[in-house]
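> Provided herewith: upload.pdb, PDB, C-alpha atoms, pLDDT in the B column.
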```
ATOM      1  CA  MET A   1       6.177  69.717  19.179  1.00 55.00           C
ATOM      2  CA  ASN A   2       5.495  66.013  18.743  1.00 66.00           C
ATOM      3  CA  PRO A   3       6.943  63.835  21.500  1.00 84.00           C
ATOM      4  CA  VAL A   4       9.826  61.566  20.582  1.00 92.00           C
ATOM      5  CA  SER A   5       8.755  57.955  20.191  1.00 95.00           C
ATOM      6  CA  VAL A   6      10.640  54.742  19.488  1.00 97.00           C
ATOM      7  CA  SER A   7       9.202  51.372  18.512  1.00 97.00           C
ATOM      8  CA  LEU A   8      11.176  48.231  19.301  1.00 98.00           C
ATOM      9  CA  TYR A   9      10.691  44.993  17.368  1.00 97.00           C
ATOM     10  CA  HIS A  10      12.561  41.730  17.828  1.00 97.00           C
ATOM     11  CA  THR A  11      12.659  38.256  16.343  1.00 96.00           C
ATOM     12  CA  LYS A  12      14.611  35.022  16.426  1.00 96.00           C
ATOM     13  CA  VAL A  13      17.566  34.564  14.077  1.00 96.00           C
ATOM     14  CA  ILE A  14      16.653  32.418  11.079  1.00 94.00           C
ATOM     15  CA  SER A  15      18.705  29.490   9.821  1.00 90.00           C
ATOM     16  CA  PRO A  16      21.294  30.275   7.124  1.00 84.00           C
ATOM     17  CA  CYS A  17      19.662  30.073   3.705  1.00 87.00           C
ATOM     18  CA  ASP A  18      20.030  30.974   0.047  1.00 90.00           C
ATOM     19  CA  LEU A  19      20.027  34.742  -0.486  1.00 94.00           C
ATOM     20  CA  SER A  20      18.561  34.519  -3.975  1.00 93.00           C
ATOM     21  CA  GLN A  21      15.091  33.801  -2.593  1.00 94.00           C
ATOM     22  CA  PHE A  22      15.020  37.310  -1.098  1.00 95.00           C
ATOM     23  CA  ALA A  23      15.907  39.262  -4.247  1.00 95.00           C
ATOM     24  CA  HIS A  24      12.350  40.648  -4.352  1.00 94.00           C
ATOM     25  CA  ILE A  25      12.752  42.049  -0.825  1.00 95.00           C
ATOM     26  CA  ILE A  26      16.384  43.152  -0.461  1.00 96.00           C
ATOM     27  CA  CYS A  27      18.168  45.321  -3.028  1.00 95.00           C
ATOM     28  CA  PRO A  28      21.107  43.901  -5.017  1.00 95.00           C
ATOM     29  CA  GLU A  29      23.671  46.123  -3.302  1.00 94.00           C
ATOM     30  CA  ARG A  30      22.610  44.893   0.120  1.00 95.00           C
ATOM     31  CA  LEU A  31      22.487  41.268  -1.044  1.00 96.00           C
ATOM     32  CA  SER A  32      26.083  41.698  -2.235  1.00 95.00           C
ATOM     33  CA  VAL A  33      27.114  42.910   1.225  1.00 94.00           C
ATOM     34  CA  LEU A  34      25.365  39.971   2.880  1.00 95.00           C
ATOM     35  CA  SER A  35      27.021  37.497   0.515  1.00 95.00           C
ATOM     36  CA  LYS A  36      30.451  38.610   1.725  1.00 96.00           C
ATOM     37  CA  ILE A  37      29.758  37.738   5.380  1.00 95.00           C
ATOM     38  CA  GLY A  38      31.620  34.457   5.775  1.00 93.00           C
ATOM     39  CA  HIS A  39      30.650  33.534   9.332  1.00 93.00           C
ATOM     40  CA  ARG A  40      27.411  31.523   9.082  1.00 94.00           C
ATOM     41  CA  HIS A  41      25.791  32.853  12.248  1.00 95.00           C
ATOM     42  CA  ALA A  42      26.792  36.461  11.553  1.00 95.00           C
ATOM     43  CA  HIS A  43      25.398  36.042   8.038  1.00 95.00           C
ATOM     44  CA  ALA A  44      22.115  34.682   9.404  1.00 96.00           C
ATOM     45  CA  CYS A  45      21.862  37.520  11.942  1.00 97.00           C
ATOM     46  CA  SER A  46      22.416  40.208   9.312  1.00 96.00           C
ATOM     47  CA  LEU A  47      19.919  38.631   6.920  1.00 97.00           C
ATOM     48  CA  THR A  48      17.374  38.345   9.724  1.00 97.00           C
ATOM     49  CA  GLY A  49      17.854  42.051  10.428  1.00 97.00           C
ATOM     50  CA  ASP A  50      17.118  42.940   6.807  1.00 97.00           C
ATOM     51  CA  LEU A  51      14.005  40.777   6.780  1.00 97.00           C
ATOM     52  CA  LEU A  52      12.778  42.201  10.088  1.00 97.00           C
ATOM     53  CA  LEU A  53      13.302  45.728   8.748  1.00 97.00           C
ATOM     54  CA  ALA A  54      11.334  44.823   5.612  1.00 96.00           C
ATOM     55  CA  GLU A  55       8.453  43.511   7.744  1.00 95.00           C
ATOM     56  CA  ILE A  56       8.389  46.756   9.731  1.00 96.00           C
ATOM     57  CA  VAL A  57       8.527  48.963   6.637  1.00 96.00           C
ATOM     58  CA  ARG A  58       5.673  47.033   5.057  1.00 93.00           C
ATOM     59  CA  ALA A  59       3.589  47.613   8.207  1.00 92.00           C
ATOM     60  CA  HIS A  60       4.493  51.305   8.613  1.00 91.00           C
ATOM     61  CA  ILE A  61       4.723  52.496   4.998  1.00 94.00           C
ATOM     62  CA  PRO A  62       1.970  51.051   2.794  1.00 91.00           C
ATOM     63  CA  GLN A  63       3.351  52.791  -0.287  1.00 93.00           C
ATOM     64  CA  ALA A  64       6.791  51.196   0.064  1.00 95.00           C
ATOM     65  CA  VAL A  65       8.045  49.455  -3.055  1.00 94.00           C
ATOM     66  CA  PHE A  66      10.199  46.352  -2.757  1.00 95.00           C
ATOM     67  CA  PRO A  67      13.000  45.495  -2.963  1.00 96.00           C
ATOM     68  CA  LEU A  68      13.993  48.082  -0.372  1.00 94.00           C
ATOM     69  CA  VAL A  69      16.973  50.181  -1.411  1.00 95.00           C
ATOM     70  CA  ARG A  70      19.218  50.302   1.649  1.00 93.00           C
ATOM     71  CA  LYS A  71      22.589  52.027   1.681  1.00 91.00           C
ATOM     72  CA  SER A  72      25.053  53.379   4.251  1.00 90.00           C
ATOM     73  CA  ASP A  73      26.232  56.960   4.580  1.00 88.00           C
ATOM     74  CA  ALA A  74      29.870  58.050   4.758  1.00 82.00           C
ATOM     75  CA  ASN A  75      30.025  57.027   8.430  1.00 81.00           C
ATOM     76  CA  GLY A  76      28.483  53.611   7.801  1.00 83.00           C
ATOM     77  CA  LYS A  77      25.052  54.456   9.215  1.00 90.00           C
ATOM     78  CA  PRO A  78      22.343  52.593   7.251  1.00 93.00           C
ATOM     79  CA  TYR A  79      19.369  54.382   5.721  1.00 95.00           C
ATOM     80  CA  LEU A  80      16.579  53.715   3.247  1.00 96.00           C
ATOM     81  CA  VAL A  81      17.099  55.726   0.084  1.00 95.00           C
ATOM     82  CA  ASP A  82      13.373  56.206  -0.576  1.00 95.00           C
ATOM     83  CA  PHE A  83      12.501  56.993   3.062  1.00 95.00           C
ATOM     84  CA  PRO A  84      15.338  59.046   4.613  1.00 92.00           C
ATOM     85  CA  ASP A  85      13.111  60.210   7.491  1.00 93.00           C
ATOM     86  CA  PHE A  86      12.365  56.635   8.526  1.00 96.00           C
ATOM     87  CA  HIS A  87      15.146  56.215  11.091  1.00 96.00           C
ATOM     88  CA  PHE A  88      16.096  52.719  12.188  1.00 97.00           C
ATOM     89  CA  SER A  89      18.819  50.815  13.982  1.00 97.00           C
ATOM     90  CA  LEU A  90      19.520  47.083  14.131  1.00 97.00           C
ATOM     91  CA  SER A  91      21.396  44.970  16.649  1.00 97.00           C
ATOM     92  CA  HIS A  92      21.781  41.281  17.342  1.00 97.00           C
ATOM     93  CA  SER A  93      23.199  39.045  20.023  1.00 97.00           C
ATOM     94  CA  GLY A  94      22.888  35.304  20.446  1.00 95.00           C
ATOM     95  CA  ASP A  95      19.732  34.241  18.615  1.00 96.00           C
ATOM     96  CA  ILE A  96      17.898  37.578  18.939  1.00 97.00           C
ATOM     97  CA  VAL A  97      17.705  40.484  16.470  1.00 98.00           C
ATOM     98  CA  VAL A  98      16.191  43.814  17.510  1.00 98.00           C
ATOM     99  CA  CYS A  99      15.186  46.782  15.373  1.00 98.00           C
ATOM    100  CA  ALA A 100      14.396  50.273  16.662  1.00 98.00           C
ATOM    101  CA  VAL A 101      12.466  52.696  14.457  1.00 97.00           C
ATOM    102  CA  SER A 102      11.700  56.351  15.020  1.00 96.00           C
ATOM    103  CA  THR A 103      11.078  59.674  13.319  1.00 90.00           C
ATOM    104  CA  VAL A 104      14.345  60.943  14.847  1.00 93.00           C
ATOM    105  CA  PRO A 105      17.876  59.494  14.689  1.00 94.00           C
ATOM    106  CA  VAL A 106      17.948  56.395  16.869  1.00 97.00           C
ATOM    107  CA  GLY A 107      20.453  53.765  17.927  1.00 97.00           C
ATOM    108  CA  VAL A 108      19.861  50.454  19.675  1.00 98.00           C
ATOM    109  CA  ASP A 109      22.228  47.871  21.083  1.00 98.00           C
ATOM    110  CA  LEU A 110      21.606  44.387  22.405  1.00 98.00           C
ATOM    111  CA  GLU A 111      24.229  42.365  24.270  1.00 96.00           C
ATOM    112  CA  LEU A 112      23.135  39.115  25.866  1.00 95.00           C
ATOM    113  CA  PRO A 113      25.205  38.249  28.976  1.00 88.00           C
ATOM    114  CA  ARG A 114      28.285  36.157  28.252  1.00 89.00           C
ATOM    115  CA  PRO A 115      31.873  35.883  29.512  1.00 88.00           C
ATOM    116  CA  VAL A 116      33.848  39.104  29.084  1.00 85.00           C
ATOM    117  CA  ARG A 117      37.446  38.989  27.945  1.00 84.00           C
ATOM    118  CA  SER A 118      39.901  40.414  30.438  1.00 83.00           C
ATOM    119  CA  GLY A 119      41.147  43.896  29.694  1.00 87.00           C
ATOM    120  CA  ILE A 120      38.072  45.059  27.763  1.00 88.00           C
ATOM    121  CA  ALA A 121      36.948  47.552  30.414  1.00 89.00           C
ATOM    122  CA  ALA A 122      40.453  48.904  30.906  1.00 89.00           C
ATOM    123  CA  ARG A 123      40.789  49.440  27.151  1.00 87.00           C
ATOM    124  CA  TRP A 124      37.491  51.140  26.438  1.00 88.00           C
ATOM    125  CA  PHE A 125      36.077  52.545  29.679  1.00 91.00           C
ATOM    126  CA  SER A 126      37.037  55.676  31.603  1.00 91.00           C
ATOM    127  CA  PRO A 127      38.554  55.434  35.108  1.00 93.00           C
ATOM    128  CA  GLU A 128      35.189  56.496  36.561  1.00 93.00           C
ATOM    129  CA  GLU A 129      33.369  53.796  34.604  1.00 93.00           C
ATOM    130  CA  GLN A 130      35.917  51.177  35.618  1.00 93.00           C
ATOM    131  CA  CYS A 131      35.496  52.185  39.254  1.00 94.00           C
ATOM    132  CA  PHE A 132      31.723  51.809  38.913  1.00 94.00           C
ATOM    133  CA  LEU A 133      32.169  48.333  37.423  1.00 92.00           C
ATOM    134  CA  THR A 134      34.422  47.310  40.278  1.00 91.00           C
ATOM    135  CA  GLN A 135      31.467  47.883  42.595  1.00 93.00           C
ATOM    136  CA  ASN A 136      28.829  46.718  40.094  1.00 92.00           C
ATOM    137  CA  PRO A 137      30.431  44.051  37.849  1.00 89.00           C
ATOM    138  CA  SER A 138      27.071  42.906  36.483  1.00 90.00           C
ATOM    139  CA  ALA A 139      26.585  46.340  34.896  1.00 93.00           C
ATOM    140  CA  PHE A 140      29.230  45.754  32.210  1.00 94.00           C
ATOM    141  CA  PHE A 141      26.774  45.069  29.397  1.00 95.00           C
ATOM    142  CA  ASP A 142      24.458  47.946  30.323  1.00 96.00           C
ATOM    143  CA  LEU A 143      27.448  50.255  30.124  1.00 95.00           C
ATOM    144  CA  TRP A 144      28.630  48.780  26.848  1.00 95.00           C
ATOM    145  CA  MET A 145      25.144  48.875  25.311  1.00 97.00           C
ATOM    146  CA  ALA A 146      24.705  52.511  26.294  1.00 97.00           C
ATOM    147  CA  LYS A 147      27.956  53.506  24.616  1.00 96.00           C
ATOM    148  CA  GLU A 148      27.320  51.527  21.454  1.00 95.00           C
ATOM    149  CA  ALA A 149      23.709  52.714  21.142  1.00 97.00           C
ATOM    150  CA  VAL A 150      24.939  56.317  21.006  1.00 96.00           C
ATOM    151  CA  LEU A 151      27.541  55.471  18.383  1.00 95.00           C
ATOM    152  CA  LYS A 152      24.999  53.616  16.269  1.00 95.00           C
ATOM    153  CA  GLU A 153      22.638  56.569  16.480  1.00 95.00           C
ATOM    154  CA  ILE A 154      25.249  58.997  15.173  1.00 92.00           C
ATOM    155  CA  GLY A 155      26.864  56.516  12.778  1.00 90.00           C
ATOM    156  CA  CYS A 156      30.310  56.260  14.313  1.00 86.00           C
ATOM    157  CA  GLY A 157      32.370  53.102  14.682  1.00 77.00           C
ATOM    158  CA  ILE A 158      33.524  51.736  18.013  1.00 77.00           C
ATOM    159  CA  SER A 159      37.209  52.361  17.416  1.00 72.00           C
ATOM    160  CA  GLY A 160      36.619  56.010  16.573  1.00 68.00           C
ATOM    161  CA  GLY A 161      34.090  56.855  19.213  1.00 79.00           C
ATOM    162  CA  LEU A 162      33.685  54.477  22.153  1.00 83.00           C
ATOM    163  CA  LYS A 163      36.008  56.473  24.386  1.00 83.00           C
ATOM    164  CA  GLN A 164      34.143  59.652  23.425  1.00 90.00           C
ATOM    165  CA  VAL A 165      30.954  58.370  25.091  1.00 94.00           C
ATOM    166  CA  SER A 166      30.972  58.898  28.860  1.00 94.00           C
ATOM    167  CA  VAL A 167      28.106  57.170  30.632  1.00 95.00           C
ATOM    168  CA  CYS A 168      26.715  57.013  34.147  1.00 95.00           C
ATOM    169  CA  LEU A 169      24.134  54.329  34.934  1.00 95.00           C
ATOM    170  CA  SER A 170      22.872  55.747  38.223  1.00 92.00           C
ATOM    171  CA  PRO A 171      20.095  56.548  38.924  1.00 93.00           C
ATOM    172  CA  VAL A 172      19.223  55.983  35.237  1.00 95.00           C
ATOM    173  CA  PRO A 173      21.508  55.686  32.205  1.00 97.00           C
ATOM    174  CA  HIS A 174      22.682  59.093  31.017  1.00 97.00           C
ATOM    175  CA  LEU A 175      25.615  60.806  29.356  1.00 97.00           C
ATOM    176  CA  THR A 176      27.954  62.820  31.539  1.00 95.00           C
ATOM    177  CA  ALA A 177      29.203  64.914  28.610  1.00 95.00           C
ATOM    178  CA  PRO A 178      28.076  65.664  25.054  1.00 96.00           C
ATOM    179  CA  VAL A 179      29.402  63.403  22.306  1.00 95.00           C
ATOM    180  CA  PHE A 180      31.053  65.292  19.448  1.00 92.00           C
ATOM    181  CA  GLY A 181      29.237  68.404  20.659  1.00 94.00           C
ATOM    182  CA  GLN A 182      25.750  66.896  20.962  1.00 95.00           C
ATOM    183  CA  TRP A 183      23.643  65.488  23.768  1.00 97.00           C
ATOM    184  CA  HIS A 184      21.796  62.207  23.439  1.00 97.00           C
ATOM    185  CA  THR A 185      19.183  60.557  25.637  1.00 97.00           C
ATOM    186  CA  LEU A 186      19.680  56.975  26.815  1.00 98.00           C
ATOM    187  CA  SER A 187      16.789  54.653  27.640  1.00 98.00           C
ATOM    188  CA  ARG A 188      16.978  51.091  28.926  1.00 97.00           C
ATOM    189  CA  ALA A 189      14.159  48.862  27.704  1.00 97.00           C
ATOM    190  CA  GLN A 190      13.209  45.300  28.572  1.00 96.00           C
ATOM    191  CA  LEU A 191      12.160  43.123  25.624  1.00 95.00           C
ATOM    192  CA  ALA A 192      11.614  40.120  27.915  1.00 87.00           C
ATOM    193  CA  SER A 193      12.498  39.130  31.455  1.00 84.00           C
ATOM    194  CA  ASP A 194      16.072  38.292  30.489  1.00 86.00           C
ATOM    195  CA  ILE A 195      16.560  40.505  27.413  1.00 93.00           C
ATOM    196  CA  ALA A 196      17.382  44.195  27.856  1.00 96.00           C
ATOM    197  CA  VAL A 197      18.432  46.726  25.238  1.00 98.00           C
ATOM    198  CA  MET A 198      19.724  50.277  25.334  1.00 98.00           C
ATOM    199  CA  VAL A 199      18.260  52.964  23.093  1.00 98.00           C
ATOM    200  CA  SER A 200      19.820  56.307  22.177  1.00 98.00           C
ATOM    201  CA  THR A 201      17.956  59.250  20.653  1.00 97.00           C
ATOM    202  CA  LEU A 202      19.221  62.656  19.607  1.00 93.00           C
ATOM    203  CA  GLY A 203      18.591  65.510  22.031  1.00 93.00           C
ATOM    204  CA  THR A 204      17.406  65.618  25.612  1.00 94.00           C
ATOM    205  CA  ASP A 205      13.733  64.647  25.289  1.00 94.00           C
ATOM    206  CA  ILE A 206      12.909  61.315  26.914  1.00 95.00           C
ATOM    207  CA  PRO A 207      11.264  59.120  24.267  1.00 96.00           C
ATOM    208  CA  ALA A 208       8.109  57.093  24.630  1.00 96.00           C
ATOM    209  CA  ILE A 209       9.182  53.520  23.891  1.00 97.00           C
ATOM    210  CA  ALA A 210       6.742  50.943  22.545  1.00 97.00           C
ATOM    211  CA  ILE A 211       7.871  47.325  22.826  1.00 97.00           C
ATOM    212  CA  HIS A 212       6.228  44.944  20.373  1.00 95.00           C
ATOM    213  CA  PRO A 213       5.886  41.172  20.844  1.00 93.00           C
ATOM    214  CA  THR A 214       8.280  38.793  19.131  1.00 91.00           C
ATOM    215  CA  ARG A 215       7.658  39.149  15.429  1.00 87.00           C
ATOM    216  CA  GLU A 216       7.283  36.282  12.999  1.00 86.00           C
ATOM    217  CA  LEU A 217       8.891  36.852   9.609  1.00 90.00           C
ATOM    218  CA  SER A 218       6.170  36.310   7.023  1.00 83.00           C
ATOM    219  CA  PHE A 219       8.641  36.819   4.167  1.00 73.00           C
ATOM    220  CA  LEU A 220      10.066  33.342   4.870  1.00 65.00           C
TER
END
```
Now that the file is in, can you turn its structure into structure tokens?


Amino acid sequence: MNPVSVSLYHTKVISPCDLSQFAHIICPERLSVLSKIGHRHAHACSLTGDLLLAEIVRAHIPQAVFPLVRKSDANGKPYLVDFPDFHFSLSHSGDIVVCAVSTVPVGVDLELPRPVRSGIAARWFSPEEQCFLTQNPSAFFDLWMAKEAVLKEIGCGISGGLKQVSVCLSPVPHLTAPVFGQWHTLSRAQLASDIAVMVSTLGTDIPAIAIHPTRELSFL
């Protein structure tokens, strides 16, 4: 059996720009989705994610034909129509976008530290998790990233699944119960000294994670 591996790529968010210049890279359906994102920064982050994914596909799959046809399944999990076994997950926070790719279902979440609204932990975290945060308040984003990485791996929204993901961060991040009947493996990875992400992969095998340097987007 081949070991599970995950490659992590990241880049800086680009400035908002005209979508039409990327029609040769991104399929019309995806461009339509991007055009409906009204918030300028959110729009730029999503576009950056598509361009980063295109860069990675071009490097990994020489036979890939552009524009990439990207759709979402019934749960909202994105996939490439022509390469269904090329699993990927995108996340962004602040001015950073990260993409995880693997041969197995994968989810990644990035949350740069920032003020947390009161009541968030009480709404979404279990009593055990809230107790842990009381003693380790700086662990909030690790806990959140772990939960969201699992949901992004399986293609489930926060509202329908966040409370289904029970996480313990000690001694290493791990699930304390299966999620919708399945186990997932959590891995914390450090992109840079102050940028950490959480990765989720299907099953119980610990993945080998390769972290690539900040990537420049040559499509620009």

> Go through A:Leu31, A:Leu47, A:Val179, A:Leu151 and flag the residue nearest A:Val69, using all atoms listed in the file for the distances.

A:Leu31

> As a PyMOL selection string, please: the residues near A:His41 (cut-off 10 Å, only C-alpha atoms, same-chain neighbours under 2 positions excluded).

chain A and resi 13-16+37-39+43-47+94-95

> As number ranges by chain, please: the residues near A:Thr204 (cut-off 7 Å, only C-alpha atoms, same-chain neighbours under 6 positions excluded).

A: 183-185

> Could you list, as a VMD selection string, every residue matched by the PyMOL selection byres ((chain A and resi 51-61) around 9) in this structure?

chain A and resid 9 to 11 22 25 to 26 46 to 50 62 to 68 86 88 90 97 to 99 101 215 to 220

> Let me make sure I understand: among A:Ser93, A:Ser102, A:Gln164, A:Ser32, which one has the smallest atom-to-atom distance to A:Ile195 if we use all atoms listed in the file?

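For A:Ile195, the nearest of the candidates is A:Ser93.
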
> Near A:Val104, within 8 Å and counting all atoms listed in the file, which residues show up once chain neighbours fewer than 2 positions away are dropped, as number ranges by chain?

A: 4, 85-87, 102, 106, 201-202

> Which residues match the PyMOL selection byres ((chain A and resi 6) around 7) in the file above, as a PyMOL selection string?

chain A and resi 4-5+7-8+100-102+207-210

> Convert the output of the PyMOL selection byres ((chain A and resi 108-110) around 7) on the shown file into explicit residues, formatted as a ChimeraX atom specification.

/A:89-93,100,106-107,111-112,145,148-149,152,196-200

> Rounded to one decimal in Å, what is the spacing between atom CA of A:Arg70 and atom CA of A:Arg30?

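Distance reported for this atom pair: 6.6 Å.
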
> Using atom CA of A:Ile211 and atom CA of A:Pro3 as the two end points, give the distance in Å to one decimal.

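Calculated distance between atom CA of A:Ile211 and atom CA of A:Pro3 is 16.6 Å.
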
> Using only C-alpha atoms, which protein or nucleic acid residues come within 9 Å of stretch 169-173 of chain A? Drop anything in the same chain fewer than 4 positions from it, and give the result as a count of residues only.

10

> Using Å and a single decimal, report how far atom CA of A:Ala177 sits from atom CA of A:Phe125.

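Taking atom CA of A:Phe125 as the start and atom CA of A:Ala177 as the end point, the length is 14.2 Å.
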
> List as a PyMOL selection string the protein and nucleic acid residues near stretch 155-161 of chain A, meaning an atom at most 9 Å away when all atoms listed in the file are counted, but skip any in the same chain fewer than 4 places from it.

chain A and resi 73-78+107+147-148+150-151+165+179-180

> Restricting the calculation to all atoms listed in the file: of A:Ile154, A:Leu19, A:Cys168, A:Leu80, which residue gets closest to A:Gly181?

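Checking each of A:Ile154, A:Leu19, A:Cys168, A:Leu80 against A:Gly181, counting all atoms listed in the file, the winner is A:Ile154.
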
> Would you mind writing stretch 91-107 of chain A with N, CA and C atoms, as an mmCIF file, in the frame of the given file?


```cif
data_model
loop_
_atom_site.group_PDB
_atom_site.id
_atom_site.type_symbol
_atom_site.label_atom_id
_atom_site.label_comp_id
_atom_site.auth_asym_id
_atom_site.auth_seq_id
_atom_site.Cartn_x
_atom_site.Cartn_y
_atom_site.Cartn_z
ATOM 1 N N SER A 91 20.364 45.586 15.812
ATOM 2 C CA SER A 91 21.396 44.970 16.649
ATOM 3 C C SER A 91 21.039 43.505 16.837
ATOM 4 N N HIS A 92 22.049 42.697 17.085
ATOM 5 C CA HIS A 92 21.781 41.281 17.342
ATOM 6 C C HIS A 92 22.784 40.739 18.350
ATOM 7 N N SER A 93 22.343 39.748 19.072
ATOM 8 C CA SER A 93 23.199 39.045 20.023
ATOM 9 C C SER A 93 22.580 37.679 20.264
ATOM 10 N N GLY A 94 23.422 36.648 20.287
ATOM 11 C CA GLY A 94 22.888 35.304 20.446
ATOM 12 C C GLY A 94 21.945 34.982 19.312
ATOM 13 N N ASP A 95 20.711 34.583 19.646
ATOM 14 C CA ASP A 95 19.732 34.241 18.615
ATOM 15 C C ASP A 95 18.621 35.274 18.512
ATOM 16 N N ILE A 96 18.899 36.520 18.949
ATOM 17 C CA ILE A 96 17.898 37.578 18.939
ATOM 18 C C ILE A 96 18.373 38.738 18.063
ATOM 19 N N VAL A 97 17.465 39.259 17.244
ATOM 20 C CA VAL A 97 17.705 40.484 16.470
ATOM 21 C C VAL A 97 16.658 41.509 16.895
ATOM 22 N N VAL A 98 17.101 42.742 17.121
ATOM 23 C CA VAL A 98 16.191 43.814 17.510
ATOM 24 C C VAL A 98 16.317 44.963 16.524
ATOM 25 N N CYS A 99 15.203 45.609 16.245
ATOM 26 C CA CYS A 99 15.186 46.782 15.373
ATOM 27 C C CYS A 99 14.430 47.902 16.077
ATOM 28 N N ALA A 100 15.045 49.075 16.132
ATOM 29 C CA ALA A 100 14.396 50.273 16.662
ATOM 30 C C ALA A 100 14.063 51.188 15.504
ATOM 31 N N VAL A 101 12.859 51.737 15.488
ATOM 32 C CA VAL A 101 12.466 52.696 14.457
ATOM 33 C C VAL A 101 11.906 53.942 15.120
ATOM 34 N N SER A 102 12.137 55.076 14.462
ATOM 35 C CA SER A 102 11.700 56.351 15.020
ATOM 36 C C SER A 102 11.664 57.397 13.926
ATOM 37 N N THR A 103 11.061 58.540 14.236
ATOM 38 C CA THR A 103 11.078 59.674 13.319
ATOM 39 C C THR A 103 12.290 60.561 13.559
ATOM 40 N N VAL A 104 13.106 60.211 14.550
ATOM 41 C CA VAL A 104 14.345 60.943 14.847
ATOM 42 C C VAL A 104 15.502 59.948 14.809
ATOM 43 N N PRO A 105 16.741 60.419 14.653
ATOM 44 C CA PRO A 105 17.876 59.494 14.689
ATOM 45 C C PRO A 105 17.846 58.635 15.939
ATOM 46 N N VAL A 106 18.055 57.342 15.763
ATOM 47 C CA VAL A 106 17.948 56.395 16.869
ATOM 48 C C VAL A 106 19.046 55.345 16.749
ATOM 49 N N GLY A 107 19.500 54.859 17.884
ATOM 50 C CA GLY A 107 20.453 53.765 17.927
ATOM 51 C C GLY A 107 20.011 52.764 18.973
#
```
